[in-house]
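Engineer: Okay, so here is target-v3.txt, and as you'll see once you scroll down, it has compact mmCIF, C-alpha atoms.
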```txt
# COMPACT_ATOMS: atom_id res chain seq x y z
CA MET T 1 -104.62 -167.43 29.13
CA ASN T 2 -103.84 -168.78 25.66
CA VAL T 3 -100.47 -170.39 24.96
CA SER T 4 -98.49 -171.52 21.92
CA VAL T 5 -96.31 -174.53 22.76
CA ILE T 6 -93.24 -174.70 20.51
CA ILE T 7 -91.06 -177.71 19.76
CA THR T 8 -87.94 -177.27 17.65
CA CYS T 9 -86.66 -180.41 16.00
CA PHE T 10 -84.51 -181.91 13.28
CA ASN T 11 -84.60 -185.62 12.39
CA GLU T 12 -86.47 -186.56 15.57
CA GLU T 13 -88.52 -189.49 14.24
CA LYS T 14 -87.53 -191.52 17.33
CA ASN T 15 -88.89 -188.95 19.77
CA ILE T 16 -91.44 -186.60 18.23
CA LYS T 17 -94.46 -188.91 18.52
CA GLU T 18 -93.88 -189.56 22.21
CA CYS T 19 -93.38 -185.85 22.86
CA LEU T 20 -96.55 -184.80 21.01
CA SER T 21 -98.56 -187.61 22.59
CA THR T 22 -97.94 -186.10 26.02
CA LEU T 23 -98.73 -182.58 24.85
CA VAL T 24 -102.12 -183.38 23.36
CA LEU T 25 -103.22 -184.98 26.65
CA GLN T 26 -102.60 -181.95 28.85
CA THR T 27 -105.10 -181.04 31.56
CA TYR T 28 -105.07 -177.50 30.19
CA PRO T 29 -108.16 -176.80 28.01
CA ASP T 30 -107.28 -177.79 24.44
CA ASP T 31 -109.00 -174.70 23.03
CA LYS T 32 -106.54 -172.50 24.94
CA TYR T 33 -103.29 -173.81 23.48
CA GLU T 34 -101.76 -174.76 20.17
CA ILE T 35 -98.74 -176.96 19.50
CA ILE T 36 -96.24 -175.75 16.91
CA VAL T 37 -93.60 -178.15 15.63
CA SER T 38 -90.83 -176.02 14.14
CA ASP T 39 -88.94 -178.47 11.96
CA GLY T 40 -85.51 -177.69 10.57
CA GLY T 41 -85.99 -179.53 7.31
CA SER T 42 -85.85 -183.10 8.59
CA ILE T 43 -84.94 -185.79 6.07
CA ASP T 44 -86.29 -188.68 8.14
CA ARG T 45 -89.96 -189.39 8.99
CA THR T 46 -90.36 -186.52 11.48
CA GLN T 47 -92.61 -184.40 9.27
CA ASN T 48 -94.67 -187.42 8.22
CA ILE T 49 -95.30 -188.33 11.86
CA VAL T 50 -96.36 -184.78 12.69
CA ASN T 51 -98.68 -184.63 9.69
CA GLU T 52 -100.26 -187.94 10.72
CA LEU T 53 -100.94 -186.62 14.23
CA LYS T 54 -102.35 -183.39 12.80
CA GLN T 55 -105.19 -185.41 11.31
CA ALA T 56 -106.29 -186.50 14.78
CA PHE T 57 -105.51 -183.38 16.80
CA HIS T 58 -106.65 -180.00 15.49
CA ASN T 59 -104.27 -177.91 17.60
CA ILE T 60 -101.02 -179.29 16.10
CA LYS T 61 -99.29 -177.10 13.51
CA LEU T 62 -96.17 -177.87 11.46
CA VAL T 63 -93.76 -175.08 10.47
CA VAL T 64 -90.72 -175.86 8.32
CA GLU T 65 -87.69 -173.62 8.74
CA THR T 66 -84.83 -174.77 6.53
CA LYS T 67 -82.33 -172.30 7.97
CA LYS T 68 -79.90 -174.27 10.08
CA GLY T 69 -79.99 -174.10 13.86
CA THR T 70 -82.16 -174.18 16.96
CA ALA T 71 -82.26 -170.38 17.16
CA ALA T 72 -83.80 -170.12 13.69
CA GLY T 73 -86.27 -172.85 14.61
CA ARG T 74 -87.30 -171.04 17.78
CA ASN T 75 -87.78 -167.80 15.86
CA ALA T 76 -89.91 -169.54 13.26
CA GLY T 77 -92.06 -170.95 16.03
CA VAL T 78 -92.42 -167.59 17.77
CA LYS T 79 -93.41 -165.88 14.51
CA ALA T 80 -95.97 -168.58 13.74
CA ALA T 81 -97.46 -168.45 17.25
CA LYS T 82 -100.93 -166.90 17.37
CA HIS T 83 -101.00 -166.49 21.15
CA ASP T 84 -99.34 -163.93 23.43
CA TYR T 85 -97.58 -166.52 25.57
CA ILE T 86 -95.23 -169.23 24.38
CA ALA T 87 -93.93 -172.36 26.04
CA PHE T 88 -90.89 -174.30 24.87
CA ILE T 89 -90.19 -178.01 25.19
CA ASP T 90 -87.63 -180.13 23.35
CA ALA T 91 -88.51 -182.98 21.01
CA ASP T 92 -86.65 -185.49 23.18
CA CYS T 93 -88.77 -184.56 26.20
CA GLU T 94 -92.11 -185.80 27.47
CA ALA T 95 -94.40 -183.71 29.66
CA PRO T 96 -96.60 -184.79 32.59
CA GLN T 97 -100.28 -184.09 32.03
CA ASN T 98 -100.31 -181.00 34.27
CA TRP T 99 -97.14 -179.49 32.72
CA LEU T 100 -98.79 -176.58 30.90
CA GLU T 101 -101.35 -176.01 33.64
CA THR T 102 -98.52 -175.73 36.18
CA LEU T 103 -96.52 -173.24 34.09
CA VAL T 104 -99.55 -171.05 33.41
CA GLY T 105 -100.76 -171.19 37.01
CA GLN T 106 -97.37 -170.20 38.40
CA TYR T 107 -96.99 -167.40 35.86
CA GLN T 108 -100.39 -165.96 36.73
CA ASP T 109 -99.65 -166.23 40.47
CA ILE T 110 -96.30 -164.43 40.30
CA GLN T 111 -97.81 -161.70 38.11
CA LEU T 112 -100.00 -160.71 41.06
CA THR T 113 -96.93 -159.69 43.05
CA ASP T 114 -94.14 -159.12 40.53
CA LYS T 115 -94.93 -157.75 37.08
CA LYS T 116 -91.26 -157.84 36.10
CA VAL T 117 -91.32 -161.64 35.86
CA ILE T 118 -91.76 -162.44 32.17
CA ALA T 119 -90.91 -166.15 32.25
CA VAL T 120 -91.31 -169.16 34.50
CA GLY T 121 -89.68 -172.53 34.02
CA GLY T 122 -88.71 -175.74 35.71
CA THR T 123 -86.34 -178.65 35.72
CA ASN T 124 -85.75 -181.75 33.62
CA ILE T 125 -85.22 -185.29 34.87
CA PRO T 126 -84.37 -188.61 33.21
CA PRO T 127 -87.26 -190.82 32.02
CA GLU T 128 -88.57 -193.37 34.47
CA ASN T 129 -87.14 -196.23 32.38
CA ALA T 130 -83.72 -194.58 31.97
CA ASN T 131 -80.56 -196.67 31.81
CA GLY T 132 -77.90 -196.41 34.50
CA PHE T 133 -75.93 -193.69 32.73
CA LEU T 134 -78.99 -191.46 32.26
CA GLN T 135 -79.95 -191.95 35.90
CA ALA T 136 -76.42 -190.94 36.83
CA ILE T 137 -76.76 -187.75 34.76
CA GLY T 138 -79.91 -186.90 36.70
CA ILE T 139 -78.11 -187.41 40.01
CA ALA T 140 -75.06 -185.41 38.95
CA LEU T 141 -77.07 -182.48 37.60
CA ASP T 142 -78.79 -182.02 40.95
CA SER T 143 -75.62 -180.50 42.45
CA TYR T 144 -73.44 -177.47 41.90
CA LEU T 145 -70.61 -179.72 40.66
CA GLY T 146 -72.89 -181.03 37.94
CA SER T 147 -74.92 -177.96 37.06
CA PHE T 148 -72.17 -175.29 37.09
CA GLY T 149 -74.58 -172.97 38.90
CA SER T 150 -77.42 -173.48 36.42
CA VAL T 151 -80.85 -174.50 37.67
CA GLN T 152 -81.21 -176.97 34.80
CA GLY T 153 -81.53 -180.40 36.34
CA ARG T 154 -81.74 -179.07 39.90
CA GLN T 155 -84.50 -180.25 42.21
CA PHE T 156 -84.93 -177.40 44.64
CA LYS T 157 -87.88 -177.37 47.02
CA LYS T 158 -88.91 -173.72 46.69
CA PRO T 159 -89.42 -171.30 43.78
CA MET T 160 -86.62 -168.79 43.28
CA HIS T 161 -85.70 -165.90 41.06
CA VAL T 162 -82.89 -166.80 38.66
CA SER T 163 -80.94 -165.14 35.86
CA SER T 164 -81.66 -167.80 33.22
CA LEU T 165 -84.07 -170.64 32.43
CA SER T 166 -83.55 -173.67 30.22
CA ASN T 167 -85.67 -173.54 27.07
CA LEU T 168 -86.81 -177.14 27.31
CA ASN T 169 -89.31 -176.33 30.07
CA VAL T 170 -90.29 -172.68 30.11
CA LEU T 171 -93.13 -170.21 29.51
CA TYR T 172 -92.44 -166.70 28.18
CA ASP T 173 -94.33 -163.50 27.47
CA LYS T 174 -93.90 -163.56 23.67
CA GLN T 175 -93.76 -159.79 23.29
CA LYS T 176 -90.65 -159.58 25.46
CA ILE T 177 -88.79 -161.93 23.10
CA ILE T 178 -89.86 -159.79 20.17
CA GLU T 179 -88.70 -156.62 21.95
CA VAL T 180 -85.12 -157.87 22.37
CA GLY T 181 -84.90 -158.92 18.72
CA TYR T 182 -85.77 -162.64 18.86
CA TYR T 183 -83.17 -165.39 19.23
CA ASP T 184 -79.74 -164.69 17.75
CA GLU T 185 -79.57 -166.96 14.71
CA SER T 186 -75.82 -166.45 14.34
CA LEU T 187 -75.44 -168.72 17.38
CA VAL T 188 -77.09 -171.54 15.38
CA SER T 189 -77.57 -174.17 18.13
CA GLU T 190 -75.06 -173.05 20.74
CA ALA T 191 -76.24 -171.18 23.86
CA GLU T 192 -79.11 -169.49 22.04
CA ASP T 193 -81.32 -169.78 25.11
CA ALA T 194 -78.62 -168.48 27.47
CA ASP T 195 -78.10 -165.55 25.09
CA ILE T 196 -81.72 -164.47 24.94
CA ASN T 197 -82.10 -164.93 28.69
CA TYR T 198 -79.09 -162.68 29.22
CA ARG T 199 -80.51 -159.99 26.93
CA LEU T 200 -83.90 -160.21 28.61
CA PHE T 201 -82.37 -160.13 32.08
CA THR T 202 -80.13 -157.13 31.40
CA ALA T 203 -83.17 -155.32 30.00
CA GLY T 204 -84.67 -155.45 33.49
CA ASN T 205 -86.85 -158.55 33.21
CA ARG T 206 -86.96 -161.33 35.79
CA PHE T 207 -87.35 -165.12 35.69
CA LEU T 208 -88.86 -167.51 38.21
CA PHE T 209 -87.69 -171.10 38.61
CA ILE T 210 -90.48 -173.39 39.81
CA PRO T 211 -89.12 -176.76 41.00
CA TYR T 212 -92.44 -178.61 40.80
CA SER T 213 -92.55 -178.13 37.03
CA PHE T 214 -90.60 -180.86 35.27
CA VAL T 215 -90.27 -182.73 32.01
CA TRP T 216 -88.79 -186.14 31.38
CA HIS T 217 -85.69 -185.59 29.25
CA LYS T 218 -83.89 -188.33 27.35
CA MET T 219 -80.72 -186.22 27.40
CA ARG T 220 -77.62 -187.90 25.91
CA PRO T 221 -77.71 -191.63 26.78
CA THR T 222 -74.03 -192.55 26.30
CA PRO T 223 -70.69 -191.19 27.57
CA LYS T 224 -69.69 -190.26 24.01
CA THR T 225 -72.83 -188.24 23.26
CA TRP T 226 -72.73 -186.62 26.72
CA LEU T 227 -69.11 -185.58 26.13
CA LYS T 228 -70.05 -183.97 22.80
CA ASN T 229 -72.89 -182.16 24.53
CA MET T 230 -70.66 -180.84 27.31
CA PHE T 231 -68.03 -179.67 24.82
CA ARG T 232 -70.75 -177.84 22.88
CA TYR T 233 -72.04 -176.22 26.09
CA GLY T 234 -68.53 -175.05 26.98
CA LYS T 235 -67.91 -173.68 23.49
CA GLY T 236 -71.27 -171.92 23.54
CA ARG T 237 -70.43 -170.29 26.87
CA ALA T 238 -67.10 -169.10 25.47
CA ARG T 239 -68.96 -167.57 22.53
CA LEU T 240 -71.16 -165.57 24.90
CA LEU T 241 -68.22 -164.49 27.06
CA LYS T 242 -66.57 -163.06 23.97
CA ARG T 243 -69.74 -161.21 23.01
CA TYR T 244 -70.56 -160.00 26.50
CA PRO T 245 -67.35 -159.46 28.54
CA GLN T 246 -69.52 -158.14 31.37
CA MET T 247 -70.96 -161.66 31.73
CA TRP T 248 -67.71 -162.94 33.22
CA ALA T 249 -68.13 -164.37 36.73
CA VAL T 250 -66.13 -166.65 39.00
CA SER T 251 -68.20 -169.66 37.92
CA PHE T 252 -67.14 -169.20 34.28
CA ALA T 253 -63.47 -168.93 35.26
CA LEU T 254 -63.56 -172.24 37.15
CA PRO T 255 -63.31 -174.42 34.00
CA LEU T 256 -60.15 -172.55 33.02
CA LEU T 257 -58.66 -172.97 36.48
CA PHE T 258 -59.61 -176.65 36.38
CA ILE T 259 -57.74 -177.25 33.13
CA ALA T 260 -54.72 -175.31 34.44
CA ALA T 261 -54.65 -177.30 37.69
CA ILE T 262 -54.99 -180.71 36.03
CA SER T 263 -52.27 -179.76 33.54
CA THR T 264 -49.78 -179.35 36.38
CA LEU T 265 -49.92 -183.10 36.99
CA PHE T 266 -47.55 -183.51 34.06
CA PHE T 267 -44.88 -181.78 36.17
CA THR T 268 -45.17 -184.24 39.07
CA PRO T 269 -41.80 -185.91 38.22
CA PHE T 270 -40.10 -182.60 38.99
CA SER T 271 -41.82 -181.94 42.32
CA ASN T 272 -44.49 -183.60 44.47
CA PHE T 273 -46.08 -180.16 44.81
CA PHE T 274 -47.52 -180.56 41.32
CA SER T 275 -49.35 -183.73 42.39
CA LEU T 276 -51.76 -181.81 44.64
CA PRO T 277 -54.48 -181.50 41.95
CA ALA T 278 -54.69 -185.31 41.92
CA ILE T 279 -56.73 -184.96 45.11
CA TYR T 280 -59.57 -184.06 42.72
CA PHE T 281 -60.12 -187.70 41.76
CA PRO T 282 -60.61 -189.31 45.21
CA ALA T 283 -62.56 -186.23 46.31
CA LEU T 284 -64.85 -186.59 43.30
CA LEU T 285 -65.36 -190.27 44.09
CA CYS T 286 -66.37 -189.40 47.65
CA PHE T 287 -68.76 -186.71 46.47
CA SER T 288 -70.26 -189.08 43.90
CA LEU T 289 -70.87 -191.63 46.64
CA TYR T 290 -72.47 -188.96 48.80
CA MET T 291 -74.83 -187.96 45.99
CA CYS T 292 -75.72 -191.58 45.24
CA ILE T 293 -76.48 -192.33 48.89
CA LYS T 294 -78.54 -189.14 49.09
CA LYS T 295 -80.52 -190.25 46.05
CA ARG T 296 -80.69 -193.86 47.28
CA HIS T 297 -78.73 -195.26 44.35
CA PRO T 298 -75.32 -196.25 45.78
CA GLU T 299 -74.90 -198.78 42.97
CA LEU T 300 -74.50 -195.91 40.51
CA VAL T 301 -71.46 -194.33 42.15
CA LEU T 302 -69.05 -195.13 39.31
CA HIS T 303 -71.58 -193.98 36.72
CA VAL T 304 -72.04 -190.68 38.56
CA MET T 305 -68.29 -190.15 38.88
CA LEU T 306 -67.95 -190.80 35.15
CA VAL T 307 -70.66 -188.22 34.43
CA TYR T 308 -68.84 -185.63 36.55
CA LEU T 309 -65.52 -186.38 34.82
CA ILE T 310 -67.10 -186.02 31.40
CA GLN T 311 -68.85 -182.80 32.38
CA HIS T 312 -65.79 -181.17 33.92
CA PHE T 313 -63.29 -182.14 31.24
CA GLY T 314 -65.74 -181.74 28.35
CA TYR T 315 -67.13 -178.36 29.39
CA ALA T 316 -63.70 -177.00 30.29
CA ALA T 317 -62.20 -178.18 27.00
CA GLY T 318 -65.08 -176.62 25.07
CA GLU T 319 -64.71 -173.30 26.88
CA VAL T 320 -60.94 -173.21 26.34
CA TYR T 321 -61.36 -174.12 22.68
CA GLY T 322 -64.01 -171.46 22.21
CA LEU T 323 -61.99 -168.74 23.90
CA LEU T 324 -58.84 -169.53 21.91
CA HIS T 325 -60.35 -170.23 18.49
CA THR T 326 -60.69 -167.07 16.42
CA LYS T 327 -63.65 -168.40 14.44
CA VAL T 328 -65.72 -168.84 17.60
CA LYS T 329 -67.25 -165.41 18.10
```
Transcribe the structure of this file into structure tokens.
Structural biologist:
Amino acid sequence: MNVSVIITCFNEEKNIKECLSTLVLQTYPDDKYEIIVSDGGSIDRTQNIVNELKQAFHNIKLVVETKKGTAAGRNAGVKAAKHDYIAFIDADCEAPQNWLETLVGQYQDIQLTDKKVIAVGGTNIPPENANGFLQAIGIALDSYLGSFGSVQGRQFKKPMHVSSLSNLNVLYDKQKIIEVGYYDESLVSEAEDADINYRLFTAGNRFLFIPYSFVWHKMRPTPKTWLKNMFRYGKGRARLLKRYPQMWAVSFALPLLFIAAISTLFFTPFSNFFSLPAIYFPALLCFSLYMCIKKRHPELVLHVMLVYLIQHFGYAAGEVYGLLHTKVK
């Protein structure tokens, strides 16, 4: 089975070499896969680094797509791919040596029993040398409170069918992406993977999450960058909810209820009844401690609580903003 591995990037000179270095050392036969770097017109040394590595590794290809956004970059990669199956990984990720072999093996296995599965994918975890905040993100994501129902970052023990897969660790049947009209470039870099997964899923296709497939993901290493990321995720979700009203579910209403509940704290001077939502904070501290003990990192309890706070407030604010702002559509 031949595969085109696609990396979308823009100004990733700090990460692209490490990412490519793990991809060229895969246990999968190097004559059965190509690596396509879909660059969004980087103005740093990203393209130079890729071109340097191309001299040493014949299966690396550089594609430049100057149209803004991750969706356009993914489409450029798909169109440049010469193989029938495509795998996506992000530039700020590094893959274990058996990453591609695992994805392909699991895809071929599930095809024996379920032809409707057109994609398999796994999780992402912080690098082994991650700072305390990144480790805390990894702990927080491995829970419903941190993942919002997504399998991204979860560390389940068994494979399961899911409705969406993160595009930083996934293998697709390329033709299926073509059939639904490629990635929606009007989304630019917001929820483009959730959008295509939704279109694929509603067309009758299925996805399989395989927990033993993982990549090391550098994520967003500071509270400020993590907050921006969560706000963007929330705004992207709002954009999809506007486009697909049928997508609405209880999980997507929770951020709105959260904002409404926390807002009632301002009315506490008028009645103690309005102070009830304050229970959220000690409860979150207790849950953070539970997760840290479970993961054997009790020293990170305050970091984990901070991650949860950023996720909940950031995502909720982004979703509210996106739903209310007329230009988000």
Engineer: Extract, using all atoms listed in the file, all DNA, RNA and protein residues at most 9 Å from Leu141 (chain T), discarding same-chain residues fewer than 2 positions from it, and format them as a ChimeraX atom specification.
Structural biologist: /T:136-139,143-148,151-154,308
Engineer: Using only C-alpha atoms, find the one residue out of T:Asn205, T:Ser251, T:Thr22, T:Thr27 that sits nearest to Lys115 (chain T).
Structural biologist: T:Asn205
Engineer: Every residue with an atom at most 8 Å from (-84.1, -175.4, 28.0) (file coordinates; all atoms listed in the file) is what I'm after, so could you write them as a PyMOL selection string?
Structural biologist: chain T and resi 88-90+152+165-170+193
Engineer: Step by step, gather every atom of region 84-102 of chain T that the file lists, find the box along x, y and z that holds them, add 5 Å on each side, and finally give centre and edge lengths in Å to one decimal, as JSON.
Structural biologist:
```
{"center_x": -94.0, "center_y": -174.9, "center_z": 28.6, "size_x": 24.7, "size_y": 31.9, "size_z": 25.2}
```
Engineer: Skipping near chain neighbours, those fewer than 2 positions away, what residues fall within 8 Å of Val162 (chain T) using only C-alpha atoms, listed as a list in words?
Structural biologist: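 Contacts, with the query itself left out: Met160, Ser164, Leu165, Arg206, Phe207, Leu208 and Phe209 of chain T.
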Engineer: I want to know what sits within 8 Å of Gly314 (chain T), based on only C-alpha atoms, with residues of the same chain fewer than 4 positions away left out; could you give that as a list in words?
Structural biologist: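 Within the cut-off, the hits are Leu227, Lys228, Met230, Phe231, Gly234, Leu309, Ile310 and Gly318 of chain T.
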Engineer: Could you check which residues have any atom within 10 Å of (-67.2, -173.3, 33.3), counting all atoms listed in the file with coordinates taken straight from the file, and then list them as a list in words?
Structural biologist: Ser147, Phe148, Gly149, Tyr233, Gly234, Lys235, Arg237, Ala238, Ala249, Val250, Ser251, Phe252, Ala253, Leu254, Pro255, Leu256, Leu257, Phe258, Gln311, His312, Phe313, Gly314, Tyr315, Ala316, Ala317, Gly318, Glu319 and Val320 of chain T
Engineer: Region 210-220 of chain T: which residues within 7 Å, counting only C-alpha atoms, same-chain residues fewer than 3 positions away excluded, as a short mmCIF file (atom, residue, chain, number, x, y, z; two decimals) with C-alpha atoms, keeping the file's coordinate frame?
Structural biologist:
```cif
data_model
loop_
_atom_site.label_atom_id
_atom_site.label_comp_id
_atom_site.auth_asym_id
_atom_site.auth_seq_id
_atom_site.Cartn_x
_atom_site.Cartn_y
_atom_site.Cartn_z
CA ASP T 92 -86.65 -185.49 23.18
CA CYS T 93 -88.77 -184.56 26.20
CA GLU T 94 -92.11 -185.80 27.47
CA ALA T 95 -94.40 -183.71 29.66
CA PRO T 96 -96.60 -184.79 32.59
CA TRP T 99 -97.14 -179.49 32.72
CA THR T 102 -98.52 -175.73 36.18
CA LEU T 103 -96.52 -173.24 34.09
CA VAL T 120 -91.31 -169.16 34.50
CA GLY T 121 -89.68 -172.53 34.02
CA GLY T 122 -88.71 -175.74 35.71
CA THR T 123 -86.34 -178.65 35.72
CA ASN T 124 -85.75 -181.75 33.62
CA ILE T 125 -85.22 -185.29 34.87
CA PRO T 126 -84.37 -188.61 33.21
CA PRO T 127 -87.26 -190.82 32.02
CA GLN T 155 -84.50 -180.25 42.21
CA PHE T 156 -84.93 -177.40 44.64
CA LYS T 157 -87.88 -177.37 47.02
CA LYS T 158 -88.91 -173.72 46.69
CA PRO T 159 -89.42 -171.30 43.78
CA MET T 160 -86.62 -168.79 43.28
CA ASN T 169 -89.31 -176.33 30.07
CA THR T 225 -72.83 -188.24 23.26
CA TRP T 226 -72.73 -186.62 26.72
#
```
Engineer: Could you jot down the CA of Val5 (chain T) to CA of Asn59 (chain T) separation for me, Å, one decimal place?
Structural biologist: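 Atom-to-atom, CA of Val5 (chain T) and CA of Asn59 (chain T) are spaced 10.1 Å apart.
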Engineer: How many Å separate CA of Asp39 (chain T) from CA of Phe10 (chain T)?
Structural biologist: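 Separation of CA of Asp39 (chain T) and CA of Phe10 (chain T): 5.8 Å.
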Engineer: Would you mind listing what lies within 7 Å of Lys61 (chain T) as a PyMOL selection string, with only C-alpha atoms counted and same-chain residues fewer than 4 positions away left out?
Structural biologist: chain T and resi 35-37
Engineer: Counting all atoms listed in the file, which residues in region 80-128 of chain T sit no more than 9 Å from region 171-189 of chain T? For each one, give the nearest pair of atoms and the distance in Å, sorted by chain then residue number, as a Markdown table.
Structural biologist:
```
| residue | atom | partner | partner_atom | distance |
| --- | --- | --- | --- | --- |
| T:Ala81 | CA | T:Lys174 | CA | 8.8 |
| T:His83 | CA | T:Lys174 | CA | 8.1 |
| T:Asp84 | CA | T:Lys174 | CA | 5.5 |
| T:Tyr85 | CA | T:Asp173 | CA | 4.8 |
| T:Ile86 | CA | T:Tyr172 | CA | 5.4 |
| T:Ala87 | CA | T:Leu171 | CA | 4.2 |
| T:Phe88 | CA | T:Leu171 | CA | 6.6 |
| T:Leu100 | CA | T:Leu171 | CA | 8.6 |
| T:Leu103 | CA | T:Leu171 | CA | 6.5 |
| T:Val104 | CA | T:Leu171 | CA | 7.6 |
| T:Tyr107 | CA | T:Leu171 | CA | 7.9 |
| T:Ile118 | CA | T:Asp173 | CA | 5.5 |
| T:Ala119 | CA | T:Tyr172 | CA | 4.4 |
| T:Val120 | CA | T:Leu171 | CA | 5.4 |
| T:Gly121 | CA | T:Leu171 | CA | 6.1 |
```
Engineer: Would you work out the distance separating CA of Val63 (chain T) from CA of Ser42 (chain T), expressed in Å to one decimal?
Structural biologist: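 Distance between the two atoms: 11.4 Å.
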Engineer: Because the input lacks atoms here, generate N, CA and C atoms for region 103-121 of chain T and report them as an mmCIF file, keeping the file's coordinate frame.
Structural biologist:
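Listing of selection16.cif after writing:
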```cif
data_model
loop_
_atom_site.group_PDB
_atom_site.id
_atom_site.type_symbol
_atom_site.label_atom_id
_atom_site.label_comp_id
_atom_site.auth_asym_id
_atom_site.auth_seq_id
_atom_site.Cartn_x
_atom_site.Cartn_y
_atom_site.Cartn_z
ATOM 1 N N LEU T 103 -97.241 -174.424 34.558
ATOM 2 C CA LEU T 103 -96.520 -173.240 34.090
ATOM 3 C C LEU T 103 -97.444 -172.011 34.073
ATOM 4 N N VAL T 104 -98.617 -172.174 33.507
ATOM 5 C CA VAL T 104 -99.550 -171.050 33.410
ATOM 6 C C VAL T 104 -99.980 -170.582 34.805
ATOM 7 N N GLY T 105 -100.315 -171.537 35.663
ATOM 8 C CA GLY T 105 -100.760 -171.190 37.010
ATOM 9 C C GLY T 105 -99.693 -170.416 37.790
ATOM 10 N N GLN T 106 -98.455 -170.872 37.680
ATOM 11 C CA GLN T 106 -97.370 -170.200 38.400
ATOM 12 C C GLN T 106 -97.083 -168.826 37.808
ATOM 13 N N TYR T 107 -97.204 -168.708 36.488
ATOM 14 C CA TYR T 107 -96.990 -167.400 35.860
ATOM 15 C C TYR T 107 -98.066 -166.412 36.322
ATOM 16 N N GLN T 108 -99.300 -166.844 36.313
ATOM 17 C CA GLN T 108 -100.390 -165.960 36.730
ATOM 18 C C GLN T 108 -100.261 -165.579 38.204
ATOM 19 N N ASP T 109 -99.812 -166.513 39.038
ATOM 20 C CA ASP T 109 -99.650 -166.230 40.470
ATOM 21 C C ASP T 109 -98.559 -165.188 40.711
ATOM 22 N N ILE T 110 -97.414 -165.347 40.056
ATOM 23 C CA ILE T 110 -96.300 -164.430 40.300
ATOM 24 C C ILE T 110 -96.604 -163.045 39.725
ATOM 25 N N GLN T 111 -97.440 -162.985 38.685
ATOM 26 C CA GLN T 111 -97.810 -161.700 38.110
ATOM 27 C C GLN T 111 -98.597 -160.830 39.090
ATOM 28 N N LEU T 112 -99.234 -161.464 40.062
ATOM 29 C CA LEU T 112 -100.000 -160.710 41.060
ATOM 30 C C LEU T 112 -99.095 -159.909 41.972
ATOM 31 N N THR T 113 -97.845 -160.358 42.119
ATOM 32 C CA THR T 113 -96.930 -159.690 43.050
ATOM 33 C C THR T 113 -95.682 -159.114 42.379
ATOM 34 N N ASP T 114 -95.364 -159.573 41.190
ATOM 35 C CA ASP T 114 -94.140 -159.120 40.530
ATOM 36 C C ASP T 114 -94.334 -159.074 39.016
ATOM 37 N N LYS T 115 -94.666 -157.915 38.510
ATOM 38 C CA LYS T 115 -94.930 -157.750 37.080
ATOM 39 C C LYS T 115 -93.669 -157.851 36.231
ATOM 40 N N LYS T 116 -92.507 -157.772 36.856
ATOM 41 C CA LYS T 116 -91.260 -157.840 36.100
ATOM 42 C C LYS T 116 -90.915 -159.256 35.659
ATOM 43 N N VAL T 117 -91.561 -160.252 36.257
ATOM 44 C CA VAL T 117 -91.320 -161.640 35.860
ATOM 45 C C VAL T 117 -91.997 -161.897 34.522
ATOM 46 N N ILE T 118 -91.210 -162.230 33.515
ATOM 47 C CA ILE T 118 -91.760 -162.440 32.170
ATOM 48 C C ILE T 118 -91.610 -163.895 31.719
ATOM 49 N N ALA T 119 -91.069 -164.741 32.602
ATOM 50 C CA ALA T 119 -90.910 -166.150 32.250
ATOM 51 C C ALA T 119 -90.841 -167.001 33.511
ATOM 52 N N VAL T 120 -91.440 -168.171 33.433
ATOM 53 C CA VAL T 120 -91.310 -169.160 34.500
ATOM 54 C C VAL T 120 -90.907 -170.480 33.856
ATOM 55 N N GLY T 121 -90.128 -171.261 34.576
ATOM 56 C CA GLY T 121 -89.680 -172.530 34.020
ATOM 57 C C GLY T 121 -89.229 -173.481 35.113
#
```
